[in-house]
Amino acid sequence: MYKRPACGGDTRAGHLPGVVYRKKREQISMPKKKEKKIDLTKLKPEELMKYEIAAELGLFDKVMKDGWQSLTARETGKIGGMVTQRKKAQKENPTLTEYEV
């Protein structure tokens, strides 16, 4: 148990006289975030592309279960890089659909 000089806290019976022990802190729990169900049919094309790339990389289930924050920086960067490549290809050749890229 952490001991500190007598400048506050509580003294309990059965402990060393003159030693003040720190009070136990109450556990404060943060409210849980509300889980949003994602409707893949109502997404913007850019968002849909992210989900498609995540599926190609085998990360779709992880994203749907735990959200985007569960991905590592490497996984997120890979998705971002592929999104950039596809957008660049579409810009160079607008007749391409996102599936032909």
# chains A, B, ... in the order shown; residues from 1 in each chain; ligands from 1
>>> residues_around(residues="region 75-77 of chain A", least_positions_apart="4", cutoff="10 Å", atoms="only C-alpha atoms", output="list in words")
Lys50, Ala54, Leu57, Leu59, Trp68, Gln69, Ser70, Leu71, Gly81, Met82 and Val83 of chain A
>>> write_last_selection(atoms="N, CA and C atoms", output="JSON list (two decimals), in the first residue's frame")
[["chain", "number", "residue", "atom", "x", "y", "z"],
["A", 50, "LYS", "N", -14.64, 2.41, -49.27],
["A", 50, "LYS", "CA", -13.84, 2.01, -48.11],
["A", 50, "LYS", "C", -14.25, 0.63, -47.62],
["A", 54, "ALA", "N", -12.02, -2.77, -47.60],
["A", 54, "ALA", "CA", -11.85, -3.52, -46.36],
["A", 54, "ALA", "C", -12.23, -4.98, -46.56],
["A", 57, "LEU", "N", -9.48, -6.81, -48.41],
["A", 57, "LEU", "CA", -8.33, -7.09, -47.56],
["A", 57, "LEU", "C", -8.65, -8.05, -46.42],
["A", 59, "LEU", "N", -10.82, -7.44, -43.95],
["A", 59, "LEU", "CA", -11.02, -6.68, -42.71],
["A", 59, "LEU", "C", -12.47, -6.29, -42.48],
["A", 68, "TRP", "N", -14.18, 1.09, -37.11],
["A", 68, "TRP", "CA", -12.93, 1.47, -37.77],
["A", 68, "TRP", "C", -11.80, 1.65, -36.77],
["A", 69, "GLN", "N", -12.10, 2.03, -35.54],
["A", 69, "GLN", "CA", -11.06, 2.28, -34.56],
["A", 69, "GLN", "C", -10.32, 1.00, -34.15],
["A", 70, "SER", "N", -10.85, -0.15, -34.50],
["A", 70, "SER", "CA", -10.19, -1.41, -34.14],
["A", 70, "SER", "C", -9.05, -1.76, -35.10],
["A", 71, "LEU", "N", -8.95, -1.05, -36.22],
["A", 71, "LEU", "CA", -7.90, -1.33, -37.18],
["A", 71, "LEU", "C", -6.57, -0.73, -36.74],
["A", 81, "GLY", "N", -4.61, 4.18, -48.90],
["A", 81, "GLY", "CA", -3.81, 4.17, -50.13],
["A", 81, "GLY", "C", -4.56, 3.60, -51.31],
["A", 82, "MET", "N", -5.32, 2.55, -51.07],
["A", 82, "MET", "CA", -6.08, 1.94, -52.16],
["A", 82, "MET", "C", -7.23, 2.85, -52.59],
["A", 83, "VAL", "N", -7.84, 3.56, -51.63],
["A", 83, "VAL", "CA", -8.90, 4.51, -51.98],
["A", 83, "VAL", "C", -8.32, 5.60, -52.87]]
>>> residues_around(residues="Tyr51 (chain A)", least_positions_apart="3", cutoff="12 Å", atoms="only C-alpha atoms", output="NGL selection string")
:A and (38-41 or 43-48 or 54-64 or 67-68 or 76 or 79-80 or 82-83)
>>> atom_distance(atom1="CA of Lys87 (chain A)", atom2="CA of Ile53 (chain A)")
12.5 Å
>>> atom_distance(atom1="CA of Gln85 (chain A)", atom2="CA of Thr72 (chain A)")
20.1 Å
>>> decode(residues="region 62-77 of chain A", atoms="N, CA and C atoms", output="compact mmCIF listing (two decimals), in the first residue's frame")
# COMPACT_ATOMS: atom_id res chain seq x y z
N LYS A 62 -14.07 -7.46 -39.17
CA LYS A 62 -13.49 -6.73 -38.04
C LYS A 62 -14.08 -5.33 -37.93
N VAL A 63 -14.24 -4.66 -39.07
CA VAL A 63 -14.80 -3.31 -39.10
C VAL A 63 -16.26 -3.32 -38.65
N MET A 64 -17.02 -4.28 -39.14
CA MET A 64 -18.43 -4.34 -38.79
C MET A 64 -18.64 -4.71 -37.32
N LYS A 65 -17.76 -5.52 -36.78
CA LYS A 65 -17.90 -5.95 -35.39
C LYS A 65 -17.44 -4.87 -34.41
N ASP A 66 -16.22 -4.33 -34.63
CA ASP A 66 -15.60 -3.43 -33.66
C ASP A 66 -15.45 -2.00 -34.13
N GLY A 67 -15.78 -1.72 -35.39
CA GLY A 67 -15.67 -0.36 -35.90
C GLY A 67 -14.29 -0.08 -36.49
N TRP A 68 -14.18 1.09 -37.11
CA TRP A 68 -12.93 1.47 -37.77
C TRP A 68 -11.80 1.65 -36.77
N GLN A 69 -12.10 2.03 -35.54
CA GLN A 69 -11.06 2.28 -34.56
C GLN A 69 -10.32 1.00 -34.15
N SER A 70 -10.85 -0.15 -34.50
CA SER A 70 -10.19 -1.41 -34.14
C SER A 70 -9.05 -1.76 -35.10
N LEU A 71 -8.95 -1.05 -36.22
CA LEU A 71 -7.90 -1.33 -37.18
C LEU A 71 -6.57 -0.73 -36.74
N THR A 72 -5.49 -1.39 -37.15
CA THR A 72 -4.17 -0.85 -36.86
C THR A 72 -3.88 0.27 -37.85
N ALA A 73 -2.83 1.03 -37.56
CA ALA A 73 -2.44 2.12 -38.45
C ALA A 73 -2.04 1.56 -39.82
N ARG A 74 -1.42 0.43 -39.83
CA ARG A 74 -1.00 -0.18 -41.09
C ARG A 74 -2.22 -0.56 -41.94
N GLU A 75 -3.22 -1.16 -41.31
CA GLU A 75 -4.43 -1.56 -42.04
C GLU A 75 -5.18 -0.34 -42.56
N THR A 76 -5.28 0.68 -41.72
CA THR A 76 -5.97 1.90 -42.13
C THR A 76 -5.24 2.58 -43.28
N GLY A 77 -3.90 2.62 -43.20
CA GLY A 77 -3.10 3.21 -44.27
C GLY A 77 -3.24 2.46 -45.57
